[in-house]
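Structure data (compact mmCIF, C-alpha atoms) from structure_38.txt:
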# COMPACT_ATOMS: atom_id res chain seq x y z
CA MET A 1 0.00 0.00 0.00
CA ARG A 2 2.84 2.36 0.74
CA ASP A 3 5.70 2.60 -1.66
CA GLY A 4 5.90 -1.13 -2.08
CA ALA A 5 7.47 -3.55 -4.47
CA ARG A 6 4.83 -3.39 -7.19
CA PRO A 7 6.49 -2.05 -10.33
CA ILE A 8 5.46 1.46 -11.34
CA ALA A 9 4.41 1.59 -15.01
CA PRO A 10 6.66 3.93 -16.98
CA LEU A 11 5.22 7.29 -17.98
CA ASP A 12 4.28 7.89 -21.63
CA LEU A 13 2.56 11.25 -22.03
CA THR A 14 1.72 10.84 -25.74
CA LEU A 15 -2.04 10.58 -25.27
CA TYR A 16 -3.29 11.16 -21.76
CA TYR A 17 -6.93 10.50 -20.96
CA VAL A 18 -8.40 12.23 -17.92
CA THR A 19 -11.63 10.71 -16.58
CA ALA A 20 -13.65 13.68 -15.35
CA ALA A 21 -16.74 12.78 -13.34
CA ALA A 22 -18.88 15.27 -15.21
CA GLU A 23 -17.95 13.60 -18.47
CA ARG A 24 -18.91 10.09 -17.51
CA THR A 25 -21.34 8.60 -19.91
CA PRO A 26 -23.84 5.78 -19.43
CA ARG A 27 -21.46 3.44 -21.21
CA GLY A 28 -19.45 3.35 -18.01
CA LEU A 29 -15.98 4.30 -16.95
CA LEU A 30 -14.18 1.01 -17.69
CA LYS A 31 -15.82 0.59 -21.09
CA THR A 32 -14.79 4.12 -22.08
CA VAL A 33 -11.25 3.48 -20.90
CA GLU A 34 -11.09 0.14 -22.71
CA ASP A 35 -12.20 1.77 -25.96
CA ALA A 36 -9.81 4.64 -25.42
CA LEU A 37 -6.88 2.23 -24.95
CA ALA A 38 -7.82 0.51 -28.19
CA GLY A 39 -7.36 3.89 -29.87
CA GLY A 40 -3.91 4.42 -28.41
CA VAL A 41 -4.26 6.14 -25.02
CA THR A 42 -0.92 5.82 -23.19
CA LEU A 43 -1.77 7.15 -19.73
CA VAL A 44 -4.92 7.58 -17.63
CA GLN A 45 -5.76 9.96 -14.81
CA TYR A 46 -8.61 9.32 -12.42
CA ARG A 47 -10.10 12.70 -11.64
CA GLY A 48 -12.20 11.51 -8.77
CA ALA A 49 -14.40 14.42 -7.97
CA HIS A 50 -17.10 12.08 -6.74
CA ALA A 51 -18.68 13.50 -3.61
CA CYS A 52 -18.73 10.05 -2.05
CA ARG A 53 -15.15 9.05 -1.33
CA ARG A 54 -16.04 5.38 -1.02
CA ILE A 55 -17.46 5.37 -4.56
CA ALA A 56 -14.34 7.17 -5.78
CA PHE A 57 -12.20 4.52 -4.07
CA ASP A 58 -14.19 1.67 -5.65
CA GLU A 59 -14.07 3.27 -9.11
CA ALA A 60 -10.39 4.10 -8.92
CA LEU A 61 -9.48 0.64 -7.63
CA ALA A 62 -11.39 -1.03 -10.46
CA LEU A 63 -9.63 1.23 -12.93
CA ARG A 64 -6.24 0.49 -11.37
CA ARG A 65 -6.74 -3.27 -11.69
CA PHE A 66 -7.97 -2.90 -15.24
CA LEU A 67 -5.00 -0.77 -16.30
CA ALA A 68 -2.34 -2.70 -14.38
CA ARG A 69 -3.16 -5.81 -16.39
CA ARG A 70 -2.52 -3.80 -19.55
CA GLY A 71 0.65 -2.07 -18.37
CA ILE A 72 -0.94 1.38 -18.67
CA PRO A 73 -0.08 3.75 -15.84
CA LEU A 74 -2.82 5.33 -13.74
CA LEU A 75 -2.41 8.62 -11.91
CA VAL A 76 -4.90 10.03 -9.39
CA ASN A 77 -5.85 13.69 -9.43
CA ASP A 78 -5.37 15.75 -6.25
CA HIS A 79 -6.04 13.02 -3.66
CA ILE A 80 -2.74 11.55 -2.55
CA ASP A 81 -4.46 9.28 -0.04
CA LEU A 82 -6.55 7.77 -2.82
CA ALA A 83 -3.44 7.35 -4.99
CA LEU A 84 -1.72 5.45 -2.17
CA ALA A 85 -4.85 3.51 -1.26
CA ILE A 86 -5.20 2.00 -4.74
CA GLU A 87 -1.46 1.73 -5.34
CA ALA A 88 -1.67 4.05 -8.32
CA ASP A 89 1.41 4.74 -10.41
CA GLY A 90 1.32 8.33 -9.23
CA ALA A 91 -0.66 11.48 -8.78
CA HIS A 92 -1.27 14.81 -10.44
CA ILE A 93 -1.73 18.01 -8.47
CA GLY A 94 -2.55 21.61 -9.27
CA GLN A 95 -1.74 25.01 -7.88
CA ASN A 96 -4.43 24.75 -5.20
CA ASP A 97 -3.53 21.33 -3.87
CA LEU A 98 -1.14 20.16 -1.19
CA PRO A 99 2.31 21.73 -1.61
CA VAL A 100 4.49 19.80 -4.05
CA ALA A 101 7.06 18.87 -1.41
CA VAL A 102 4.35 17.48 0.85
CA ALA A 103 2.74 15.51 -1.98
CA ARG A 104 6.12 14.07 -2.99
CA LYS A 105 6.93 13.05 0.56
CA LEU A 106 3.59 11.30 0.97
CA LEU A 107 3.87 9.58 -2.42
CA GLY A 108 7.43 8.42 -1.93
CA PRO A 109 10.22 8.71 -4.47
CA ARG A 110 9.12 6.07 -6.98
CA ARG A 111 5.63 7.12 -8.01
CA HIS A 112 5.06 9.67 -10.75
CA LEU A 113 3.98 13.18 -9.81
CA GLY A 114 2.67 15.77 -12.24
CA LEU A 115 2.02 19.45 -11.56
CA THR A 116 -0.29 21.78 -13.43
CA ILE A 117 0.98 25.24 -14.21
CA ASN A 118 -1.06 27.89 -15.95
CA ASN A 119 1.52 30.54 -16.78
CA THR A 120 5.15 31.67 -16.63
CA ALA A 121 4.80 32.91 -13.06
CA HIS A 122 3.82 29.43 -11.91
CA LEU A 123 6.78 27.94 -13.76
CA GLU A 124 9.21 30.38 -12.20
CA GLN A 125 7.74 29.90 -8.74
CA ALA A 126 8.05 26.14 -9.10
CA ARG A 127 11.65 26.52 -10.26
CA ALA A 128 12.57 28.91 -7.45
CA GLY A 129 10.88 26.69 -4.86
CA GLY A 130 12.75 23.59 -5.98
CA GLU A 131 9.48 21.97 -7.00
CA LEU A 132 10.60 21.15 -10.53
CA ALA A 133 13.08 18.70 -9.04
CA LEU A 134 10.25 16.88 -7.28
CA VAL A 135 7.86 16.33 -10.17
CA ASP A 136 8.13 14.21 -13.31
CA TYR A 137 6.21 16.32 -15.77
CA LEU A 138 4.22 19.52 -16.09
CA GLY A 139 0.63 19.82 -17.24
CA ILE A 140 0.12 23.15 -18.95
CA GLY A 141 -3.25 24.60 -19.75
CA PRO A 142 -5.94 25.30 -20.44
CA VAL A 143 -4.58 25.69 -23.97
CA PHE A 144 -8.03 26.49 -25.32
CA PRO A 145 -11.33 27.32 -23.62
CA THR A 146 -12.71 24.28 -21.78
CA GLN A 147 -16.11 23.37 -20.42
CA THR A 148 -14.81 20.61 -18.17
CA LYS A 149 -13.81 22.81 -15.24
CA ALA A 150 -16.16 25.17 -13.46
CA ASN A 151 -13.64 27.99 -13.00
CA PRO A 152 -10.81 27.41 -15.44
CA ALA A 153 -7.69 29.56 -15.42
CA PRO A 154 -7.26 31.96 -18.37
CA THR A 155 -6.44 30.14 -21.60
CA VAL A 156 -2.76 29.80 -22.44
CA GLY A 157 -2.94 29.68 -26.23
CA LEU A 158 -0.44 28.10 -28.61
CA ASN A 159 2.17 30.86 -28.57
CA ARG A 160 2.53 30.96 -24.81
CA LEU A 161 2.42 27.17 -24.69
CA ARG A 162 5.40 27.00 -27.07
CA GLU A 163 7.21 29.56 -24.92
CA LEU A 164 6.53 27.59 -21.72
CA VAL A 165 7.62 24.32 -23.32
CA GLY A 166 10.87 26.04 -24.28
CA LYS A 167 11.45 27.16 -20.71
CA SER A 168 10.47 23.88 -19.06
CA PRO A 169 13.21 21.46 -18.01
CA LEU A 170 10.53 18.77 -17.74
CA PRO A 171 8.31 16.99 -20.26
CA VAL A 172 5.10 18.90 -20.83
CA VAL A 173 1.60 17.64 -21.49
CA ALA A 174 -0.87 20.17 -22.83
CA ILE A 175 -4.49 20.12 -21.63
CA GLY A 176 -7.68 22.09 -22.09
CA GLY A 177 -10.11 22.11 -24.99
CA ILE A 178 -7.88 20.09 -27.33
CA THR A 179 -9.72 18.28 -30.15
CA ASP A 180 -8.58 16.26 -33.15
CA ALA A 181 -8.88 19.49 -35.13
CA THR A 182 -6.33 21.28 -32.94
CA ALA A 183 -4.14 18.39 -31.73
CA ALA A 184 -1.59 18.77 -34.54
CA SER A 185 -0.99 22.44 -33.81
CA VAL A 186 -0.63 21.66 -30.11
CA ARG A 187 1.88 18.86 -30.76
CA ALA A 188 3.83 21.26 -32.98
CA THR A 189 4.65 23.38 -29.92
CA GLY A 190 7.03 20.68 -28.73
CA VAL A 191 4.93 19.12 -26.00
CA SER A 192 5.55 15.49 -25.10
CA GLY A 193 1.85 14.75 -25.16
CA ILE A 194 -1.70 15.96 -25.08
CA ALA A 195 -4.32 15.33 -22.43
CA VAL A 196 -8.03 15.30 -23.09
CA VAL A 197 -11.27 14.74 -21.26
CA SER A 198 -14.33 15.27 -23.41
CA ALA A 199 -12.57 14.83 -26.77
CA ILE A 200 -12.54 11.17 -25.81
CA SER A 201 -15.33 10.65 -23.29
CA ALA A 202 -17.99 12.59 -25.22
CA ALA A 203 -17.04 11.17 -28.62
CA PRO A 204 -19.63 8.99 -30.36
CA ASP A 205 -16.81 6.55 -31.19
CA VAL A 206 -14.26 6.62 -28.39
CA THR A 207 -11.69 4.41 -30.11
CA ALA A 208 -11.81 6.40 -33.33
CA ALA A 209 -11.51 9.63 -31.38
CA ALA A 210 -8.46 8.39 -29.47
CA ARG A 211 -6.90 7.07 -32.67
CA ALA A 212 -7.34 10.44 -34.37
CA LEU A 213 -5.80 12.26 -31.41
CA ARG A 214 -2.93 9.79 -31.21
CA ALA A 215 -2.08 9.78 -34.92
CA THR A 216 -2.18 13.52 -35.28
CA PRO A 217 -0.18 14.28 -38.44
CA PRO A 218 2.49 16.93 -38.13
CA PRO A 219 1.29 20.32 -39.34
CA PRO A 220 2.12 21.16 -42.97
CA VAL A 221 5.58 22.58 -43.48
CA THR A 222 5.35 26.05 -44.91
CA THR A 223 8.09 26.95 -47.28
CA GLY A 224 8.72 30.35 -48.62
CA MET B 1 5.61 13.28 7.94
CA ARG B 2 4.93 9.57 7.93
CA ASP B 3 4.46 7.79 11.19
CA GLY B 4 7.46 9.49 12.73
CA ALA B 5 8.86 10.04 16.16
CA ARG B 6 6.64 12.95 17.18
CA PRO B 7 4.56 11.87 20.15
CA ILE B 8 0.85 11.41 19.47
CA ALA B 9 -1.27 13.30 22.00
CA PRO B 10 -3.46 10.91 24.00
CA LEU B 11 -7.14 10.85 23.17
CA ASP B 12 -9.63 12.42 25.60
CA LEU B 13 -13.13 12.41 24.15
CA THR B 14 -14.76 14.38 26.98
CA LEU B 15 -15.46 17.52 24.94
CA TYR B 16 -14.70 17.25 21.26
CA TYR B 17 -14.88 20.37 19.11
CA VAL B 18 -15.34 19.89 15.36
CA THR B 19 -14.44 22.90 13.21
CA ALA B 20 -16.96 22.83 10.37
CA ALA B 21 -16.22 25.23 7.54
CA ALA B 22 -19.80 26.43 7.39
CA GLU B 23 -19.60 27.39 11.03
CA ARG B 24 -16.53 29.55 10.82
CA THR B 25 -17.11 32.99 12.16
CA PRO B 26 -15.32 36.23 11.43
CA ARG B 27 -13.44 35.85 14.71
CA GLY B 28 -11.30 33.26 12.99
CA LEU B 29 -10.56 29.60 13.43
CA LEU B 30 -7.63 29.86 15.84
CA LYS B 31 -9.36 32.43 18.05
CA THR B 32 -12.43 30.22 18.31
CA VAL B 33 -10.29 27.21 19.15
CA GLU B 34 -8.30 29.17 21.72
CA ASP B 35 -11.48 30.30 23.44
CA ALA B 36 -12.92 26.80 23.24
CA LEU B 37 -9.81 25.35 24.92
CA ALA B 38 -10.16 27.89 27.71
CA GLY B 39 -13.62 26.43 28.30
CA GLY B 40 -12.33 22.87 28.53
CA VAL B 41 -12.32 21.35 25.03
CA THR B 42 -10.20 18.19 25.13
CA LEU B 43 -9.95 17.25 21.44
CA VAL B 44 -10.30 19.07 18.11
CA GLN B 45 -11.23 17.82 14.66
CA TYR B 46 -10.43 19.79 11.53
CA ARG B 47 -13.35 19.23 9.21
CA GLY B 48 -11.64 20.70 6.20
CA ALA B 49 -14.37 20.93 3.64
CA HIS B 50 -12.66 23.92 2.06
CA ALA B 51 -12.86 23.64 -1.72
CA CYS B 52 -9.27 24.81 -2.03
CA ARG B 53 -7.04 22.07 -0.68
CA ARG B 54 -4.10 24.44 -0.26
CA ILE B 55 -6.15 26.67 2.03
CA ALA B 56 -7.29 23.59 3.96
CA PHE B 57 -3.64 22.55 4.32
CA ASP B 58 -2.60 25.99 5.57
CA GLU B 59 -5.50 26.18 8.03
CA ALA B 60 -4.99 22.67 9.32
CA LEU B 61 -1.24 23.14 9.70
CA ALA B 62 -1.73 26.36 11.68
CA LEU B 63 -4.23 24.56 13.88
CA ARG B 64 -1.87 21.61 14.36
CA ARG B 65 0.97 23.87 15.53
CA PHE B 66 -1.36 25.79 17.82
CA LEU B 67 -2.73 22.63 19.44
CA ALA B 68 0.56 20.73 19.63
CA ARG B 69 1.98 23.45 21.86
CA ARG B 70 -0.97 22.92 24.21
CA GLY B 71 -0.92 19.11 24.16
CA ILE B 72 -4.41 18.94 22.67
CA PRO B 73 -4.82 16.27 19.99
CA LEU B 74 -5.99 17.22 16.50
CA LEU B 75 -7.75 14.80 14.18
CA VAL B 76 -8.51 15.47 10.51
CA ASN B 77 -11.85 14.58 9.01
CA ASP B 78 -11.96 12.26 5.97
CA HIS B 79 -8.69 13.33 4.31
CA ILE B 80 -5.94 10.92 5.34
CA ASP B 81 -3.40 12.69 3.12
CA LEU B 82 -4.06 15.96 4.92
CA ALA B 83 -3.78 14.20 8.29
CA LEU B 84 -0.38 12.81 7.31
CA ALA B 85 0.71 16.06 5.68
CA ILE B 86 0.26 18.09 8.87
CA GLU B 87 1.33 15.28 11.18
CA ALA B 88 -2.04 15.26 12.88
CA ASP B 89 -2.66 12.99 15.83
CA GLY B 90 -5.14 11.05 13.76
CA ALA B 91 -8.17 11.09 11.51
CA HIS B 92 -11.89 10.53 11.62
CA ILE B 93 -13.78 8.84 8.82
CA GLY B 94 -17.40 8.09 8.05
CA GLN B 95 -19.35 5.42 6.25
CA ASN B 96 -18.69 6.99 2.84
CA ASP B 97 -14.94 7.43 3.17
CA LEU B 98 -12.01 5.19 2.38
CA PRO B 99 -12.46 1.70 3.86
CA VAL B 100 -11.34 1.51 7.49
CA ALA B 101 -8.56 -0.99 6.75
CA VAL B 102 -7.16 1.27 4.02
CA ALA B 103 -7.32 4.36 6.21
CA ARG B 104 -5.58 2.52 9.06
CA LYS B 105 -2.84 1.26 6.77
CA LEU B 106 -2.19 4.74 5.40
CA LEU B 107 -2.25 6.32 8.87
CA GLY B 108 0.03 3.74 10.44
CA PRO B 109 -0.56 2.03 13.78
CA ARG B 110 0.14 4.94 16.15
CA ARG B 111 -2.28 7.64 15.08
CA HIS B 112 -5.84 7.74 16.35
CA LEU B 113 -8.66 6.73 14.03
CA GLY B 114 -12.33 7.33 14.67
CA LEU B 115 -15.28 5.95 12.73
CA THR B 116 -18.80 7.35 12.51
CA ILE B 117 -21.66 4.91 12.73
CA ASN B 118 -25.28 5.89 12.45
CA ASN B 119 -27.10 2.74 13.54
CA THR B 120 -26.90 -0.85 14.75
CA ALA B 121 -26.37 -2.20 11.24
CA HIS B 122 -23.23 -0.08 10.85
CA LEU B 123 -21.96 -1.32 14.21
CA GLU B 124 -22.54 -4.96 13.31
CA GLN B 125 -20.97 -4.52 9.87
CA ALA B 126 -17.91 -2.92 11.44
CA ARG B 127 -17.68 -5.75 13.97
CA ALA B 128 -18.09 -8.47 11.32
CA GLY B 129 -15.56 -6.79 9.04
CA GLY B 130 -12.91 -6.58 11.75
CA GLU B 131 -13.01 -2.78 11.58
CA LEU B 132 -13.64 -2.30 15.30
CA ALA B 133 -10.16 -3.68 15.94
CA LEU B 134 -8.67 -0.98 13.71
CA VAL B 135 -10.28 2.12 15.19
CA ASP B 136 -9.87 3.82 18.56
CA TYR B 137 -13.36 5.16 19.12
CA LEU B 138 -16.77 5.43 17.50
CA GLY B 139 -18.64 8.61 16.71
CA ILE B 140 -22.37 8.00 16.92
CA GLY B 141 -24.97 10.37 15.60
CA PRO B 142 -26.69 12.48 14.74
CA VAL B 143 -28.23 12.21 18.21
CA PHE B 144 -30.57 15.11 17.51
CA PRO B 145 -31.46 16.98 14.31
CA THR B 146 -28.50 19.00 13.04
CA GLN B 147 -28.15 21.88 10.61
CA THR B 148 -24.41 21.41 10.13
CA LYS B 149 -24.60 18.67 7.52
CA ALA B 150 -26.45 19.00 4.24
CA ASN B 151 -27.82 15.45 4.18
CA PRO B 152 -27.60 14.09 7.71
CA ALA B 153 -28.43 10.48 8.48
CA PRO B 154 -31.68 9.87 10.43
CA THR B 155 -31.40 10.97 14.05
CA VAL B 156 -30.39 8.31 16.55
CA GLY B 157 -32.09 9.64 19.65
CA LEU B 158 -31.13 9.00 23.28
CA ASN B 159 -32.62 5.53 23.61
CA ARG B 160 -30.86 4.06 20.61
CA LEU B 161 -27.69 5.90 21.59
CA ARG B 162 -27.76 4.18 24.99
CA GLU B 163 -28.33 0.84 23.27
CA LEU B 164 -25.42 1.38 20.86
CA VAL B 165 -23.11 2.47 23.69
CA GLY B 166 -23.99 -0.77 25.47
CA LYS B 167 -23.09 -2.81 22.41
CA SER B 168 -19.89 -0.95 21.56
CA PRO B 169 -16.57 -2.41 22.66
CA LEU B 170 -15.01 0.99 22.01
CA PRO B 171 -15.36 4.41 23.62
CA VAL B 172 -18.20 6.38 22.04
CA VAL B 173 -18.49 10.07 21.36
CA ALA B 174 -21.97 11.35 20.59
CA ILE B 175 -22.49 14.04 17.96
CA GLY B 176 -25.29 15.91 16.27
CA GLY B 177 -27.39 18.79 17.56
CA ILE B 178 -26.10 18.56 21.14
CA THR B 179 -26.45 21.78 23.19
CA ASP B 180 -25.82 22.66 26.82
CA ALA B 181 -29.54 21.98 27.38
CA THR B 182 -29.24 18.38 26.20
CA ALA B 183 -25.63 17.54 27.05
CA ALA B 184 -26.47 16.07 30.46
CA SER B 185 -29.00 13.63 29.04
CA VAL B 186 -26.52 12.60 26.34
CA ARG B 187 -23.74 12.00 28.87
CA ALA B 188 -26.16 9.92 30.92
CA THR B 189 -26.27 7.33 28.11
CA GLY B 190 -22.76 6.26 29.02
CA VAL B 191 -20.81 7.94 26.23
CA SER B 192 -17.20 8.85 26.84
CA GLY B 193 -17.72 12.30 25.41
CA ILE B 194 -19.77 14.67 23.35
CA ALA B 195 -18.80 16.35 20.10
CA VAL B 196 -20.19 19.67 18.95
CA VAL B 197 -19.85 22.10 16.10
CA SER B 198 -22.22 25.04 16.32
CA ALA B 199 -22.88 24.77 20.07
CA ILE B 200 -19.36 26.16 20.37
CA SER B 201 -18.60 27.99 17.13
CA ALA B 202 -21.92 29.87 16.95
CA ALA B 203 -22.02 30.74 20.64
CA PRO B 204 -21.80 34.43 21.56
CA ASP B 205 -19.29 33.46 24.27
CA VAL B 206 -17.28 30.47 23.09
CA THR B 207 -15.46 29.88 26.37
CA ALA B 208 -18.65 29.99 28.42
CA ALA B 209 -20.35 27.65 25.95
CA ALA B 210 -17.51 25.14 26.14
CA ARG B 211 -17.44 25.38 29.93
CA ALA B 212 -21.17 24.69 30.15
CA LEU B 213 -20.83 21.66 27.85
CA ARG B 214 -17.83 20.37 29.76
CA ALA B 215 -19.28 20.76 33.22
CA THR B 216 -22.59 19.17 32.39
CA PRO B 217 -24.07 18.05 35.70
CA PRO B 218 -25.35 14.49 35.87
CA PRO B 219 -29.11 14.27 35.38
CA PRO B 220 -31.23 14.15 38.51
CA VAL B 221 -31.62 10.70 40.00
CA THR B 222 -35.24 9.73 40.01
CA THR B 223 -36.33 7.68 42.95
CA GLY B 224 -39.64 5.98 43.33

Represent the structure of the file as structure tokens.
Amino acid sequence: MRDGARPIAPLDLTLYYVTAAAERTPRGLLKTVEDALAGGVTLVQYRGAHACRRIAFDEALALRRFLARRGIPLLVNDHIDLALAIEADGAHIGQNDLPVAVARKLLGPRRHLGLTINNTAHLEQARAGGELALVDYLGIGPVFPTQTKANPAPTVGLNRLRELVGKSPLPVVAIGGITDATAASVRATGVSGIAVVSAISAAPDVTAAARALRATPPPPVTTG
Amino acid sequence: MRDGARPIAPLDLTLYYVTAAAERTPRGLLKTVEDALAGGVTLVQYRGAHACRRIAFDEALALRRFLARRGIPLLVNDHIDLALAIEADGAHIGQNDLPVAVARKLLGPRRHLGLTINNTAHLEQARAGGELALVDYLGIGPVFPTQTKANPAPTVGLNRLRELVGKSPLPVVAIGGITDATAASVRATGVSGIAVVSAISAAPDVTAAARALRATPPPPVTTG
């Protein structure tokens, strides 16, 4: 349960699916994840905003078992106790969560830890505070407007995303309003991966949606 | 941060003050707690329902430092990661939280753990599941109607409280709608202590309110 002997699945940020409670469809969490994996999802985050913590535990544990059999890492959003309880591969925290140093200490050295930053000030604060040495990757967003969060931070946009990626010593995953129509331009900023919620969960065909996001062609080279 | 060398303050359930977010007054959390201690509070629970987990961490850490200097134990409601993060003396969980065995494993063997039960079925489930061996005390309630929780369980009442106390192998603290007018009758059921939120936090004179709850006289002996 603590930082035990179970191997931690290696992190691959290429296509990161975040299971937001508000986005859950009648088809069910595991079915959506199964279909998403078939389309090439490389990493899953349980965003367990369920008001009932026992239901969140049951859901996250089922997801952990499902993903462990397939070698796909699972991170838990915000709740370090839940991450430890289900022996997740790590956790992801934001600017309003437990301090990074505290989260890292609770998680132990082996599990993955991601940190969301919304702007250059956050990046510089994290650098100055030594937090960049304690996390494995940065989530940057929202790149575009998003309906998934009630009070999202101001959108970052592609230009500032490229700038932040250039300044980041860590792999970056972009998040927020990314669709198959915009994925190529986001990947062109140099990010290691893209994270989506509704672009997968709300898609009529989850596997096709994931495949399209995964196989994003590089943007056309402009010559002149 | 884990289950370290810091001594865990011994548990005294006599008068248990629960700091509910909704009950916080402009006088401030620490001032209310200070005044409550002057009136005889023996144990404090941080019920950190603050939407911003960083603010909850800061509040709970300030409270932990304040109480540690006075030898008064602090438990954290529901959030085991927060309890570990601030090196609280323990945690308190309910029927909808992480399973008891998981919470105990995360907390380690030394910290206190309390469990809320609302009825005989909960008590028997906890006994059958071996959970009573993993917790230090039971919280039973709501004894009376309460405005503190949005969707409280059905009230227990004094008769069923007495019955549950008789069946419990563990110390019991009663909670839910208890005031200085009813505290004596609650103590007469055999509980080890009473827990209150608004009877302290909403009182015009916090110290006097705590003193009245602490010094509850035994109910009159009826002869006949």

Item to check | Check: which chain A residues lie within 10 Å of chain B using all atoms listed in the file, as JSON, numbers by chain | outcome: {"A": [1, 2, 51, 52, 53, 54, 55, 56, 57, 58, 78, 79, 80, 81, 82, 83, 84, 85, 86, 94, 95, 96, 97, 98, 99, 101, 102, 103, 105, 106, 107]}

Item to check | Atom-to-atom span, CA of Asn77 in chain A and CA of Val18 in chain A, Å | outcome: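 CA of Val18 in chain A lies 9.0 Å from CA of Asn77 in chain A.
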
Item to check | Between CA of Thr42 in chain A and CA of His122 in chain A - distance in Å to one decimal | outcome: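 Spanning CA of His122 in chain A to CA of Thr42 in chain A is a straight-line distance of 26.6 Å.
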
Using all atoms listed in the file, which protein or nucleic acid residues come within 12 Å of Thr148 in chain A? Drop anything in the same chain fewer than 3 positions from it, and give the result as a short mmCIF file (atom, residue, chain, number, x, y, z; two decimals) with C-alpha atoms, in the coordinates of the input.
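What landed in around-v4.cif:
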data_model
loop_
_atom_site.label_atom_id
_atom_site.label_comp_id
_atom_site.auth_asym_id
_atom_site.auth_seq_id
_atom_site.Cartn_x
_atom_site.Cartn_y
_atom_site.Cartn_z
CA VAL A 18 -8.40 12.23 -17.92
CA THR A 19 -11.63 10.71 -16.58
CA ALA A 20 -13.65 13.68 -15.35
CA ALA A 21 -16.74 12.78 -13.34
CA ALA A 22 -18.88 15.27 -15.21
CA GLU A 23 -17.95 13.60 -18.47
CA ARG A 24 -18.91 10.09 -17.51
CA ARG A 47 -10.10 12.70 -11.64
CA ALA A 49 -14.40 14.42 -7.97
CA PRO A 142 -5.94 25.30 -20.44
CA PHE A 144 -8.03 26.49 -25.32
CA PRO A 145 -11.33 27.32 -23.62
CA ASN A 151 -13.64 27.99 -13.00
CA PRO A 152 -10.81 27.41 -15.44
CA ALA A 153 -7.69 29.56 -15.42
CA ILE A 175 -4.49 20.12 -21.63
CA GLY A 176 -7.68 22.09 -22.09
CA GLY A 177 -10.11 22.11 -24.99
CA ILE A 178 -7.88 20.09 -27.33
CA VAL A 196 -8.03 15.30 -23.09
CA VAL A 197 -11.27 14.74 -21.26
CA SER A 198 -14.33 15.27 -23.41
CA ALA A 199 -12.57 14.83 -26.77
CA SER A 201 -15.33 10.65 -23.29
CA ALA A 202 -17.99 12.59 -25.22
#

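Residues with any atom within 10 Å of Gly141 in chain A, counting only C-alpha atoms and excluding same-chain neighbours fewer than 5 positions away, are Thr116, Ile117, Asn118, Asn119, Thr146, Pro152, Ala153, Pro154, Thr155, Val156, Gly157, Leu158, Arg160, Leu161, Val173, Ala174, Ile175, Gly176, Gly177, Ile178 and Ala195 of chain A.
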
Next on the checklist: So that I can check the surroundings of Val41 in chain A, please list as a PyMOL selection string every protein, DNA and RNA residue that reaches within 12 Å of it, counting all atoms listed in the file and ignoring chain neighbours fewer than 3 positions away.
Outcome noted: chain A and resi 11-18+32-38+44-45+67+70-74+193-197+200+206-215

Checklist entry - Separation of CA of Glu59 in chain B and CA of Leu29 in chain B, in Å? => result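 CA of Leu29 in chain B lies 8.2 Å from CA of Glu59 in chain B.
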
Checklist outcome for this item: Shortest contact to Leu138 in chain A, candidates A:Pro169, A:Pro204, A:Gly114, A:Pro10, atoms counted only C-alpha atoms, goes to A:Gly114

Next on the checklist: Nearest residue to Leu132 in chain A out of A:Ala150, A:Leu170, A:Leu164, A:Ala203, using all atoms listed in the file?
Outcome noted: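 Among A:Ala150, A:Leu170, A:Leu164, A:Ala203, it is A:Leu170 that comes nearest to Leu132 in chain A.
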
Checklist entry - From the set A:Gln147, A:Thr120, A:Ser168, A:Asn159, which residue has the shortest atom-to-atom contact distance to Ala133 in chain A, counting all atoms listed in the file? => result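 Of A:Gln147, A:Thr120, A:Ser168, A:Asn159, the one nearest Ala133 in chain A is A:Ser168, counting all atoms listed in the file.
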
Using 3 Å of padding on each side, determine the axis-aligned box around all atoms of range 70-74 of chain A present in the file and give its centre and edge lengths in Å to one decimal, as AutoDock Vina command-line options.
--center_x -1.1 --center_y 0.8 --center_z -16.6 --size_x 9.5 --size_y 15.1 --size_z 11.8

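Proximity to Ile8 in chain A was assessed for A:Thr189, A:Ala62, A:Ala91, A:Arg111 counting all atoms listed in the file; the smallest distance is recorded for A:Arg111.
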
Next on the checklist: So that I can check the surroundings of Gly190 in chain B, please list as a PyMOL selection string every protein, DNA and RNA residue that reaches within 8 Å of it, counting only C-alpha atoms and ignoring chain neighbours fewer than 4 positions away.
Outcome noted: chain B and resi 162+165-166+186

Item to check | Option closest in space to Glu87 in chain B, from B:Pro7, B:Ile140, B:Gly129, B:Leu113 [counting only C-alpha atoms] | outcome: B:Pro7

Next on the checklist: Here is a test: counting only C-alpha atoms, which residue of A:His112, A:Arg6, A:Arg65, A:Lys167 is nearest to Tyr137 in chain A?
Outcome noted: A:His112
